[in-house]
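Shown here: target.cif, mmCIF, C-alpha atoms.
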```cif
data_target
loop_
_atom_site.label_atom_id
_atom_site.label_comp_id
_atom_site.auth_asym_id
_atom_site.auth_seq_id
_atom_site.Cartn_x
_atom_site.Cartn_y
_atom_site.Cartn_z
CA MET A 250 0.00 0.00 0.00
CA ASN A 251 1.43 3.39 -0.86
CA ILE A 252 1.22 6.42 1.38
CA GLU A 253 -1.72 8.06 -0.38
CA GLU A 254 -3.72 4.87 -0.12
CA TYR A 255 -2.78 4.53 3.52
CA ILE A 256 -3.91 8.08 4.24
CA SER A 257 -7.23 7.70 2.45
CA SER A 258 -7.95 4.30 4.01
CA GLY A 259 -9.80 5.89 6.92
CA ILE A 260 -6.96 5.24 9.37
CA VAL A 261 -6.43 8.97 9.98
CA GLU A 262 -10.05 9.37 11.05
CA SER A 263 -10.05 6.13 13.06
CA TYR A 264 -7.00 7.28 14.97
CA VAL A 265 -8.18 10.81 15.66
CA LEU A 266 -11.69 9.75 16.65
CA GLY A 267 -10.30 7.12 19.01
CA LEU A 268 -11.65 4.15 17.06
CA ALA A 269 -8.36 2.55 16.07
CA SER A 270 -7.07 -0.58 17.82
CA GLN A 271 -3.90 -0.46 19.88
CA GLU A 272 -2.01 -2.10 17.02
CA GLU A 273 -3.33 0.39 14.46
CA ARG A 274 -2.49 3.25 16.78
CA SER A 275 1.16 2.24 17.15
CA GLU A 276 1.47 1.70 13.42
CA PHE A 277 -0.09 5.08 12.71
CA GLU A 278 2.21 6.84 15.18
CA ASN A 279 5.19 5.27 13.43
CA MET A 280 3.90 6.38 10.06
CA CYS A 281 3.46 9.92 11.41
CA ASN A 282 7.08 9.94 12.52
CA GLN A 283 8.30 8.61 9.21
CA TYR A 284 6.11 10.52 6.78
CA PRO A 285 5.36 14.21 7.33
CA ILE A 286 2.50 13.86 4.86
CA VAL A 287 0.69 11.45 7.22
CA LEU A 288 1.22 13.86 10.08
CA GLU A 289 -0.15 16.67 7.92
CA ALA A 290 -3.24 14.62 7.08
CA ARG A 291 -3.80 13.91 10.77
CA ASN A 292 -3.40 17.54 11.66
CA ALA A 293 -5.74 18.66 8.89
CA PHE A 294 -8.44 16.27 10.01
CA GLU A 295 -7.99 17.30 13.63
CA ILE A 296 -8.39 20.95 12.70
CA ALA A 297 -11.47 20.21 10.58
CA LEU A 298 -12.97 18.20 13.40
CA GLU A 299 -12.22 20.92 15.89
CA ASN A 300 -13.74 23.63 13.70
CA GLN A 301 -16.75 21.45 13.25
CA ALA A 302 -17.07 20.96 17.00
CA MET A 303 -16.60 24.67 17.64
CA GLN A 304 -19.35 25.54 15.19
CA ASN A 305 -21.65 23.10 16.91
CA ALA A 306 -20.84 24.15 20.44
CA ILE A 307 -23.67 24.02 22.94
CA THR A 308 -23.56 26.21 26.03
CA PRO A 309 -23.65 24.07 29.17
CA SER A 310 -25.47 25.02 32.38
CA ALA A 311 -23.90 28.01 34.07
CA ASP A 312 -23.32 26.18 37.35
CA VAL A 313 -21.07 23.47 35.84
CA LYS A 314 -18.00 25.70 35.90
CA SER A 315 -18.28 26.50 39.58
CA LYS A 316 -18.92 22.84 40.40
CA ILE A 317 -15.75 21.87 38.53
CA PHE A 318 -13.72 24.49 40.34
CA ASN A 319 -15.06 23.40 43.70
CA THR A 320 -14.02 19.83 42.95
CA ILE A 321 -10.55 20.64 41.73
CA SER A 322 -9.69 23.09 44.52
CA SER A 323 -10.56 20.52 47.16
CA SER A 324 -8.69 17.68 45.43
CA ALA A 325 -5.60 19.57 44.30
CA LYS A 326 -3.50 18.91 47.38
CA VAL A 327 -0.88 16.69 45.76
CA VAL A 328 0.04 17.01 42.13
CA SER A 329 3.29 15.59 40.84
CA ILE A 330 5.85 17.87 39.29
CA VAL A 331 5.82 17.85 35.53
CA GLU A 332 7.71 19.70 32.86
CA ALA A 333 5.89 21.42 30.08
CA PRO A 334 6.63 19.59 26.80
CA VAL A 335 7.24 22.91 25.11
CA LYS A 336 9.47 21.55 22.39
CA LYS A 337 6.99 19.02 21.11
CA ILE A 338 3.97 21.26 20.97
CA ASN A 339 3.34 22.71 17.59
CA TRP A 340 0.04 24.43 18.03
CA PHE A 341 0.59 27.62 19.86
CA LYS A 342 -2.76 28.52 21.20
CA TYR A 343 -3.02 25.21 22.98
CA ALA A 344 0.56 25.33 23.94
CA ALA A 345 -0.29 28.48 25.83
CA ALA A 346 -3.17 26.91 27.64
CA ALA A 347 -1.39 23.65 28.29
CA SER A 348 1.81 25.35 29.40
CA VAL A 349 0.01 27.54 31.84
CA ILE A 350 -1.64 24.52 33.37
CA LEU A 351 1.44 22.36 33.33
CA LEU A 352 3.72 25.00 34.69
CA ALA A 353 1.34 26.06 37.35
CA GLY A 354 0.54 22.43 38.12
CA SER A 355 4.21 21.69 38.55
CA LEU A 356 4.33 24.14 41.40
CA TYR A 357 1.76 22.44 43.52
CA PHE A 358 3.68 20.60 46.14
CA ASN A 359 3.95 20.05 49.80
CA PHE A 360 3.44 23.50 51.26
CA SER A 361 4.15 22.69 54.86
CA LEU A 362 7.95 22.47 54.84
CA THR A 363 9.91 25.69 54.63
CA GLU A 364 12.68 24.14 52.60
CA LYS A 365 10.34 22.92 49.97
CA ASN A 366 8.63 26.24 50.07
CA LYS A 367 11.85 27.98 49.15
CA LYS A 368 12.45 25.63 46.25
CA LEU A 369 8.89 26.20 45.24
CA SER A 370 9.16 29.96 45.07
CA GLY A 371 12.30 29.53 42.95
CA ASP A 372 10.49 27.17 40.63
CA TYR A 373 7.61 29.54 40.44
CA THR A 374 9.74 32.46 39.36
CA ASN A 375 11.51 30.34 36.76
CA SER A 376 8.29 28.98 35.41
CA LEU A 377 6.78 32.40 35.30
CA THR A 378 9.72 33.76 33.31
CA GLU A 379 9.52 30.79 30.99
CA LEU A 380 5.81 31.23 30.65
CA ASN A 381 6.09 34.91 29.84
CA THR A 382 8.65 34.17 27.14
CA ILE A 383 6.34 31.62 25.61
CA LYS A 384 3.41 33.98 25.85
CA LYS A 385 5.32 36.68 24.02
CA ASP A 386 6.29 34.20 21.34
CA ILE A 387 2.72 33.12 20.91
CA GLN A 388 1.55 36.70 20.64
CA VAL A 389 4.03 37.20 17.85
CA LEU A 390 2.45 34.39 15.88
CA THR A 391 -1.19 34.90 16.68
CA ASN A 392 -1.60 38.68 16.59
CA LYS A 393 -0.28 39.24 13.13
CA SER A 394 -1.87 38.28 9.89
CA GLU A 395 1.19 38.83 7.74
CA ILE A 396 3.09 35.83 9.04
CA LYS A 397 4.28 33.39 6.39
CA MET A 398 5.47 29.95 7.30
CA ALA A 399 8.15 27.70 5.85
CA SER A 400 8.58 24.05 6.84
CA LEU A 401 12.24 23.14 6.79
CA LYS A 402 12.63 19.41 6.18
CA GLY A 403 15.69 17.33 7.04
CA THR A 404 18.27 16.70 4.34
CA ASP A 405 20.10 13.38 3.80
CA VAL A 406 22.51 14.41 6.55
CA SER A 407 19.70 14.29 9.08
CA PRO A 408 16.36 13.10 7.67
CA GLN A 409 14.68 13.22 11.09
CA SER A 410 15.32 16.94 11.47
CA TYR A 411 12.46 19.34 11.10
CA THR A 412 12.06 23.02 11.86
CA THR A 413 9.58 25.76 11.06
CA VAL A 414 10.35 29.35 10.16
CA TYR A 415 7.86 32.18 10.53
CA TRP A 416 8.54 35.28 8.51
CA ASP A 417 6.64 38.48 9.06
CA SER A 418 6.22 39.95 5.59
CA THR A 419 5.58 43.47 6.93
CA SER A 420 8.12 43.84 9.75
CA HIS A 421 10.49 41.29 8.11
CA ASP A 422 11.14 39.62 11.46
CA VAL A 423 12.17 35.97 11.37
CA TYR A 424 11.29 33.44 14.07
CA LEU A 425 12.42 29.86 14.20
CA LEU A 426 10.64 26.96 15.84
CA ILE A 427 12.91 23.97 16.36
CA ASN A 428 10.63 20.96 16.06
CA ASN A 429 13.49 18.49 15.89
CA LEU A 430 17.18 19.14 15.50
CA PRO A 431 20.00 17.07 17.00
CA LYS A 432 21.98 18.66 19.82
CA PRO A 433 25.16 20.10 18.28
CA PRO A 434 28.63 19.09 19.54
CA SER A 435 30.19 21.81 21.73
CA GLU A 436 32.63 23.04 19.05
CA LYS A 437 29.85 23.55 16.53
CA GLN A 438 26.72 25.63 16.28
CA TYR A 439 23.78 25.95 13.93
CA GLN A 440 23.51 28.89 11.57
CA LEU A 441 20.32 30.03 9.93
CA TRP A 442 20.29 31.16 6.31
CA ALA A 443 17.80 32.98 4.15
CA PHE A 444 17.98 32.42 0.40
CA LEU A 445 17.22 35.02 -2.22
CA ASP A 446 17.80 34.26 -5.90
CA GLY A 447 19.89 31.29 -4.90
CA LYS A 448 22.25 33.32 -2.70
CA PRO A 449 22.54 32.62 1.03
CA ILE A 450 22.16 35.47 3.53
CA ASP A 451 23.38 34.92 7.09
CA ILE A 452 20.52 35.57 9.51
CA GLY A 453 22.21 34.47 12.69
CA PHE A 454 23.31 31.59 14.89
CA ILE A 455 21.23 29.43 17.16
CA SER A 456 22.83 29.55 20.59
CA ASN A 457 23.80 26.12 21.88
CA ASP A 458 22.19 27.18 25.16
CA TYR A 459 18.88 26.58 23.46
CA PHE A 460 19.59 22.85 23.31
CA ILE A 461 20.55 22.74 26.98
CA LYS A 462 17.89 24.89 28.58
CA GLN A 463 15.15 24.75 25.99
CA ASN A 464 13.27 27.47 27.79
CA SER A 465 11.97 29.34 24.80
CA LEU A 466 9.53 28.30 22.16
CA LEU A 467 10.87 30.44 19.34
CA VAL A 468 14.32 31.62 18.37
CA LYS A 469 14.42 35.10 16.87
CA ALA A 470 16.78 35.51 13.92
CA LYS A 471 17.94 38.61 12.06
CA SER A 472 15.33 40.34 9.94
CA VAL A 473 15.38 39.82 6.21
CA GLN A 474 13.73 42.09 3.62
CA LYS A 475 13.07 39.54 0.92
CA VAL A 476 13.35 35.79 1.06
CA GLN A 477 12.43 32.71 -0.95
CA ALA A 478 13.79 29.89 1.18
CA PHE A 479 15.49 29.10 4.47
CA ALA A 480 18.13 26.61 5.55
CA ILE A 481 20.10 25.68 8.65
CA SER A 482 23.69 24.48 8.52
CA LEU A 483 25.97 23.15 11.24
CA GLU A 484 29.11 25.27 11.42
CA LYS A 485 32.38 25.26 13.40
CA ILE A 486 32.36 27.95 16.05
CA GLY A 487 34.74 30.82 15.29
CA ARG A 488 35.25 30.28 11.57
CA GLU A 489 36.57 33.25 9.63
CA ASP A 490 33.95 34.13 7.08
CA VAL A 491 30.50 33.64 8.55
CA SER A 492 28.73 35.17 5.55
CA VAL A 493 28.95 31.95 3.49
CA PRO A 494 27.86 28.51 4.65
CA ALA A 495 30.74 26.05 5.05
CA GLY A 496 29.24 23.17 7.01
CA GLU A 497 26.57 20.61 6.19
CA VAL A 498 22.99 21.70 5.64
CA TYR A 499 20.60 19.99 8.06
CA VAL A 500 17.24 21.37 7.02
CA TYR A 501 15.95 23.26 4.01
CA GLY A 502 12.59 24.59 2.86
CA GLY A 503 10.94 27.19 0.66
CA LEU A 504 8.48 29.87 1.74
CA MET B 80 0.20 30.40 47.60
CA ALA B 81 -3.20 31.91 47.11
CA LEU B 82 -1.77 33.64 44.07
CA LEU B 83 -0.47 30.35 42.69
CA GLN B 84 -3.80 28.73 43.07
CA GLU B 85 -5.48 31.65 41.42
CA ARG B 86 -3.10 31.56 38.46
CA ASN B 87 -3.53 27.87 38.04
CA GLU B 88 -7.27 28.05 38.02
CA LYS B 89 -7.27 31.07 35.79
CA ALA B 90 -5.50 29.07 33.10
CA PHE B 91 -7.90 26.22 33.50
CA GLY B 92 -10.78 28.68 33.41
CA TYR B 93 -9.50 29.89 30.06
CA LEU B 94 -9.49 26.33 28.77
CA TYR B 95 -13.01 25.81 30.05
CA ASP B 96 -14.39 29.04 28.63
CA ASN B 97 -12.96 28.27 25.20
CA TYR B 98 -13.76 24.62 24.82
CA SER B 99 -16.58 23.66 27.16
CA GLY B 100 -19.17 24.44 24.49
CA ALA B 101 -17.54 22.30 21.83
CA VAL B 102 -16.92 19.47 24.29
CA PHE B 103 -20.50 19.75 25.54
CA GLY B 104 -21.70 19.48 21.94
CA ILE B 105 -20.00 16.12 21.58
CA ILE B 106 -21.30 14.89 24.92
CA ASN B 107 -24.81 15.88 23.85
CA SER B 108 -24.53 13.88 20.66
CA ILE B 109 -24.04 10.76 22.80
CA VAL B 110 -25.86 11.51 26.05
CA THR B 111 -29.21 12.99 25.14
CA ASP B 112 -30.41 13.89 28.64
CA LYS B 113 -29.36 17.51 29.32
CA ASP B 114 -28.91 17.11 33.09
CA ILE B 115 -26.83 13.99 32.74
CA ALA B 116 -24.83 15.61 29.94
CA ASN B 117 -24.01 18.49 32.29
CA ASP B 118 -22.80 16.01 34.92
CA VAL B 119 -20.68 14.26 32.32
CA LEU B 120 -19.18 17.58 31.25
CA GLN B 121 -18.28 18.30 34.86
CA ASN B 122 -16.53 14.94 35.21
CA VAL B 123 -14.79 15.38 31.89
CA PHE B 124 -13.22 18.69 32.88
CA VAL B 125 -12.25 17.42 36.31
CA ASN B 126 -10.54 14.52 34.50
CA ILE B 127 -8.83 16.87 32.05
CA TRP B 128 -7.48 18.77 35.03
CA LYS B 129 -6.24 15.59 36.70
CA LYS B 130 -4.77 14.00 33.60
CA ILE B 131 -3.32 17.01 31.83
CA GLU B 132 0.22 15.80 32.48
CA SER B 133 -0.44 12.65 30.47
CA TYR B 134 -1.34 14.68 27.37
CA ASP B 135 1.28 14.04 24.69
CA ALA B 136 1.32 16.75 22.04
CA SER B 137 3.17 14.53 19.57
CA LYS B 138 0.12 12.27 19.38
CA GLY B 139 -2.39 14.96 18.55
CA ARG B 140 -3.94 18.28 19.35
CA LEU B 141 -5.12 19.18 22.81
CA PHE B 142 -8.68 19.45 21.58
CA THR B 143 -8.58 15.94 20.08
CA TRP B 144 -7.36 14.63 23.41
CA MET B 145 -10.17 16.40 25.28
CA LEU B 146 -12.68 15.20 22.72
CA ASN B 147 -11.68 11.59 23.26
CA ILE B 148 -11.93 11.94 27.02
CA ALA B 149 -15.41 13.39 26.51
CA ARG B 150 -16.48 10.62 24.15
CA ASN B 151 -15.21 7.87 26.44
CA ALA B 152 -16.90 9.41 29.47
CA SER B 153 -20.17 9.79 27.55
CA ILE B 154 -20.12 6.19 26.40
CA ASP B 155 -19.32 4.98 29.91
CA GLU B 156 -22.31 6.96 31.06
CA ILE B 157 -24.82 5.56 28.56
CA ARG B 158 -23.57 2.07 29.27
CA SER B 159 -23.86 2.48 33.02
CA LYS B 160 -26.75 0.85 34.84
CA GLY B 161 -27.94 4.11 36.39
CA PHE B 162 -28.35 5.77 33.04
CA ARG B 163 -30.33 2.93 31.52
CA GLN B 164 -32.66 2.90 34.52
CA SER B 165 -33.20 6.63 34.44
CA GLN B 166 -34.00 6.44 30.75
CA GLN B 167 -36.52 3.69 31.39
CA ASN B 168 -38.18 5.66 34.16
CA GLN B 169 -38.28 8.63 31.92
CA SER B 170 -40.11 6.77 29.20
CA LEU B 171 -42.49 5.29 31.72
CA ASN B 172 -43.32 8.68 33.21
CA ASP B 173 -43.80 10.20 29.82
CA ASN B 174 -46.26 7.49 29.00
CA VAL B 175 -48.22 8.03 32.15
CA ASP B 176 -48.41 11.77 31.75
CA PHE B 177 -48.94 11.89 28.03
CA PRO B 178 -50.67 8.77 26.86
CA GLY B 179 -49.89 8.07 23.26
CA ALA B 180 -46.79 10.23 23.19
CA SER B 181 -43.91 8.75 21.27
CA ILE B 182 -41.13 7.21 23.29
CA GLY B 183 -37.48 7.81 22.71
CA PRO B 184 -35.17 10.69 22.14
CA VAL B 185 -36.63 13.46 20.04
CA THR B 186 -33.57 15.66 20.00
CA GLU B 187 -32.52 17.05 16.68
CA ASP B 188 -29.26 15.76 15.33
CA VAL B 189 -26.46 18.24 15.80
CA GLY B 190 -22.78 18.45 14.97
CA LEU B 191 -21.06 15.28 13.88
CA LYS B 192 -24.34 13.41 13.96
CA LYS B 193 -25.77 15.78 11.41
CA VAL B 194 -22.79 15.17 9.17
CA LEU B 195 -23.36 11.48 9.69
CA ALA B 196 -26.86 11.81 8.29
CA ASN B 197 -25.32 12.38 4.87
CA LEU B 198 -23.63 9.00 4.82
CA LYS B 199 -25.04 5.97 3.07
CA SER B 200 -27.41 4.29 5.52
CA GLU B 201 -25.49 1.01 5.72
CA TRP B 202 -22.43 3.02 6.70
CA ARG B 203 -24.23 5.41 8.99
CA VAL B 204 -25.47 2.66 11.28
CA LEU B 205 -21.96 1.32 11.65
CA VAL B 206 -20.36 4.67 12.45
CA ASP B 207 -23.18 5.49 14.84
CA MET B 208 -22.79 2.21 16.67
CA SER B 209 -19.05 2.42 16.88
CA TYR B 210 -18.48 6.13 17.52
CA PHE B 211 -21.60 7.27 19.33
CA GLN B 212 -22.47 4.06 21.12
CA GLY B 213 -19.03 2.66 21.68
CA PHE B 214 -19.61 -0.86 20.38
CA THR B 215 -16.52 -2.80 19.34
CA HIS B 216 -16.25 -4.14 15.80
CA GLU B 217 -16.84 -7.63 17.16
CA GLU B 218 -20.02 -6.57 18.94
CA ILE B 219 -21.35 -4.81 15.86
CA SER B 220 -20.58 -7.87 13.78
CA LYS B 221 -22.64 -10.02 16.17
CA ILE B 222 -25.53 -7.62 16.58
CA LEU B 223 -25.99 -6.89 12.88
CA ASN B 224 -24.92 -10.32 11.75
CA ILE B 225 -22.34 -8.93 9.32
CA PRO B 226 -18.92 -10.54 8.92
CA LEU B 227 -16.25 -8.84 11.06
CA GLY B 228 -14.09 -8.02 8.02
CA THR B 229 -17.00 -6.25 6.35
CA VAL B 230 -17.69 -4.23 9.49
CA LYS B 231 -14.08 -3.09 9.54
CA THR B 232 -13.87 -2.15 5.86
CA ARG B 233 -17.21 -0.36 5.88
CA ILE B 234 -16.32 1.68 8.96
CA ARG B 235 -13.02 2.62 7.40
CA SER B 236 -14.67 3.69 4.14
CA ALA B 237 -17.32 5.62 6.00
CA LEU B 238 -14.71 7.45 8.05
CA SER B 239 -12.70 8.45 5.03
CA GLN B 240 -15.94 9.86 3.57
CA LEU B 241 -16.57 11.70 6.79
CA ARG B 242 -13.35 13.60 6.36
CA THR B 243 -14.32 15.07 3.03
CA MET B 244 -17.67 16.01 4.51
CA ILE B 245 -16.45 18.01 7.46
CA GLN B 246 -13.67 19.76 5.62
CA PRO B 247 -14.67 23.30 4.79
#
```

Could you write out this structure as structure tokens?
Amino acid sequence: MNIEEYISSGIVESYVLGLASQEERSEFENMCNQYPIVLEARNAFEIALENQAMQNAITPSADVKSKIFNTISSSAKVVSIVEAPVKKINWFKYAAAASVILLAGSLYFNFSLTEKNKKLSGDYTNSLTELNTIKKDIQVLTNKSEIKMASLKGTDVSPQSYTTVYWDSTSHDVYLLINNLPKPPSEKQYQLWAFLDGKPIDIGFISNDYFIKQNSLLVKAKSVQKVQAFAISLEKIGREDVSVPAGEVYVYGGL
Amino acid sequence: MALLQERNEKAFGYLYDNYSGAVFGIINSIVTDKDIANDVLQNVFVNIWKKIESYDASKGRLFTWMLNIARNASIDEIRSKGFRQSQQNQSLNDNVDFPGASIGPVTEDVGLKKVLANLKSEWRVLVDMSYFQGFTHEEISKILNIPLGTVKTRIRSALSQLRTMIQP
């Protein structure tokens, strides 16, 4: 069976609607990892389904919300610490909601001991900073209508790699979302390129800190007036001429 | 600490305000009794709150995840003993009060169910049984006396149709 046949076999819908068997689910998840086109089909159906559900929303009784909040405030004594899976999330609006919950949830812990309390206030501040960064990033992407997107797919060097570039066609700002990129060795660093008429333009390096801390959703690059494509190469730190790519290209994609 | 709690619940409140209507729509397409549907919605959001850390963004959108929690909870509800009894009592009372009145749900089809109405009837029954009533393929095969393989292929075909129907 080829990929198109697989996609139109109804498996996408079965999976999303929760009707697929365990075996089918695992197979589908593998296919999503292997073939971006399967992932795209899943995402498209999810969005269609969501729009459909939103259009057919029914307002529940007004007292349900307060009942829910009464239940969760009385049961929220112990919640385990979790990290927000910021890197994996690719849908920003939900990332915002989920992050807020996850981050805040991670701070619920034993309040009685002073020591833990101290750690907690530290965590809280960190999470808050992290959260505000993410919020700002999300605002960038959701408040503007002039944002164009480029999916940068992995080259033969690293087929698993995948990143997304957002280019604001009015302000010319460039933002990078690293969906999947291997951690660079310490003597190397990634460099982002814009392409215009086949010529590369250096639009900045991705700090290796990103791969250690991973505390931001988007990486801001240098602005670029006109662009047709983007690429990321892995370069030796401290090379002489940084205006031309010298290392291997990891991802590439047109606007 | 009070601040923390407030922040936490504020975020969850945002989630509720945005999606409770859509989630409630799905619950209503499975659980027809409004009061029970409201109870299910309450449980669903309490569960979302409790399980949010198990949400894995690589496997789908947050809404899809919430939708599946809602569907599962709704099906559990209609399959529970309490629900079946309350439905029976309901019908009985209706009969007593309004002799001759028709029994059964008279709600208009909304949302996905409405989309479903456009499917071929032999497909519609299967999708309805599997998605809205939660029967397994094996159960459907037994109830309708259709070979298991046929049930599977027909559901798959119906679902792939469904996609073209809900896409704008």

Legend entry - Result set of the PyMOL selection byres ((chain B) within 6 of (chain A)) on the coordinates above, as JSON, numbers by chain: {"B": [87, 90, 100, 101, 103, 104, 121, 136, 190, 235, 238, 239, 246]}

Report as a Markdown table: every residue of range 397-466 of chain A with an atom at most 6 Å from range 470-479 of chain A, its closest pair of atoms, and their distance in Å to one decimal, counting only C-alpha atoms, with rows sorted by chain and ascending residue number.
```
| residue | atom | partner | partner_atom | distance |
| --- | --- | --- | --- | --- |
| A:His421 | CA | A:Ser472 | CA | 5.3 |
| A:Asp422 | CA | A:Ser472 | CA | 4.5 |
| A:Val423 | CA | A:Ala470 | CA | 5.3 |
| A:Tyr424 | CA | A:Ala470 | CA | 5.9 |
| A:Trp442 | CA | A:Phe479 | CA | 5.5 |
| A:Ala443 | CA | A:Phe479 | CA | 4.5 |
| A:Phe444 | CA | A:Ala478 | CA | 5.0 |
| A:Leu445 | CA | A:Val476 | CA | 5.1 |
| A:Ile452 | CA | A:Lys471 | CA | 4.7 |
| A:Gly453 | CA | A:Ala470 | CA | 5.7 |
```

Which residues come within 10 Å of Val498 in chain A, counting only C-alpha atoms, excluding same-chain residues fewer than 3 positions away, as a PDB file with C-alpha atoms, in the coordinates of the input?
```
ATOM      1  CA  GLY A 403      15.690  17.330   7.040  1.00  0.00           C
ATOM      2  CA  THR A 404      18.270  16.700   4.340  1.00  0.00           C
ATOM      3  CA  ASP A 405      20.100  13.380   3.800  1.00  0.00           C
ATOM      4  CA  VAL A 406      22.510  14.410   6.550  1.00  0.00           C
ATOM      5  CA  SER A 407      19.700  14.290   9.080  1.00  0.00           C
ATOM      6  CA  TYR A 439      23.780  25.950  13.930  1.00  0.00           C
ATOM      7  CA  GLN A 440      23.510  28.890  11.570  1.00  0.00           C
ATOM      8  CA  LEU A 441      20.320  30.030   9.930  1.00  0.00           C
ATOM      9  CA  TRP A 442      20.290  31.160   6.310  1.00  0.00           C
ATOM     10  CA  ALA A 480      18.130  26.610   5.550  1.00  0.00           C
ATOM     11  CA  ILE A 481      20.100  25.680   8.650  1.00  0.00           C
ATOM     12  CA  SER A 482      23.690  24.480   8.520  1.00  0.00           C
ATOM     13  CA  LEU A 483      25.970  23.150  11.240  1.00  0.00           C
ATOM     14  CA  GLU A 484      29.110  25.270  11.420  1.00  0.00           C
ATOM     15  CA  PRO A 494      27.860  28.510   4.650  1.00  0.00           C
ATOM     16  CA  ALA A 495      30.740  26.050   5.050  1.00  0.00           C
ATOM     17  CA  TYR A 501      15.950  23.260   4.010  1.00  0.00           C
TER      18      TYR A 501
END
```

Legend entry - Long-range neighbours of Ala399 in chain A as a PyMOL selection string, 9 Å cut-off, all atoms listed in the file, 4 positions minimum in chain: chain A and resi 412-416+478-479+502-504

Legend entry - Expansion of the PyMOL selection byres ((chain B and resi 149) around 12) into residues, as number ranges by chain: A: 266-267; B: 98-110, 116-127, 142-148, 150-156, 210-211

Just write the chosen residues, C-alpha atoms, as a compact mmCIF listing (two decimals), keeping the file's coordinate frame.
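Ended up saving to part-v5.txt:
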```
# COMPACT_ATOMS: atom_id res chain seq x y z
CA LEU A 266 -11.69 9.75 16.65
CA GLY A 267 -10.30 7.12 19.01
CA TYR B 98 -13.76 24.62 24.82
CA SER B 99 -16.58 23.66 27.16
CA GLY B 100 -19.17 24.44 24.49
CA ALA B 101 -17.54 22.30 21.83
CA VAL B 102 -16.92 19.47 24.29
CA PHE B 103 -20.50 19.75 25.54
CA GLY B 104 -21.70 19.48 21.94
CA ILE B 105 -20.00 16.12 21.58
CA ILE B 106 -21.30 14.89 24.92
CA ASN B 107 -24.81 15.88 23.85
CA SER B 108 -24.53 13.88 20.66
CA ILE B 109 -24.04 10.76 22.80
CA VAL B 110 -25.86 11.51 26.05
CA ALA B 116 -24.83 15.61 29.94
CA ASN B 117 -24.01 18.49 32.29
CA ASP B 118 -22.80 16.01 34.92
CA VAL B 119 -20.68 14.26 32.32
CA LEU B 120 -19.18 17.58 31.25
CA GLN B 121 -18.28 18.30 34.86
CA ASN B 122 -16.53 14.94 35.21
CA VAL B 123 -14.79 15.38 31.89
CA PHE B 124 -13.22 18.69 32.88
CA VAL B 125 -12.25 17.42 36.31
CA ASN B 126 -10.54 14.52 34.50
CA ILE B 127 -8.83 16.87 32.05
CA PHE B 142 -8.68 19.45 21.58
CA THR B 143 -8.58 15.94 20.08
CA TRP B 144 -7.36 14.63 23.41
CA MET B 145 -10.17 16.40 25.28
CA LEU B 146 -12.68 15.20 22.72
CA ASN B 147 -11.68 11.59 23.26
CA ILE B 148 -11.93 11.94 27.02
CA ARG B 150 -16.48 10.62 24.15
CA ASN B 151 -15.21 7.87 26.44
CA ALA B 152 -16.90 9.41 29.47
CA SER B 153 -20.17 9.79 27.55
CA ILE B 154 -20.12 6.19 26.40
CA ASP B 155 -19.32 4.98 29.91
CA GLU B 156 -22.31 6.96 31.06
CA TYR B 210 -18.48 6.13 17.52
CA PHE B 211 -21.60 7.27 19.33
```

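With CA of Leu425 in chain A on one side and CA of Gly487 in chain A on the other, the separation reads 22.4 Å.
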
Inset, instruction - For the file shown, report as a VMD selection string the outcome of the PyMOL selection byres ((chain A and resi 429) around 9) at residue level. - result: chain A and resid 336 to 337 409 to 412 426 to 428 430 to 431

Inset, instruction - Using all atoms listed in the file, determine which residues lie at most 12 Å from Leu223 in chain B, disregarding the query and same-chain residues fewer than 3 positions distant; provide the list as a list in words. - result: Glu201, Val204, Leu205, Met208, Phe214, His216, Glu217, Glu218, Ile219, Ser220, Pro226, Leu227, Thr229 and Val230 of chain B

Inset, instruction - Could you tell me how far CA of Pro434 in chain A lies from CA of Thr378 in chain A, in Å and to one decimal? - result: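 Between these atoms lies a distance of 27.6 Å.
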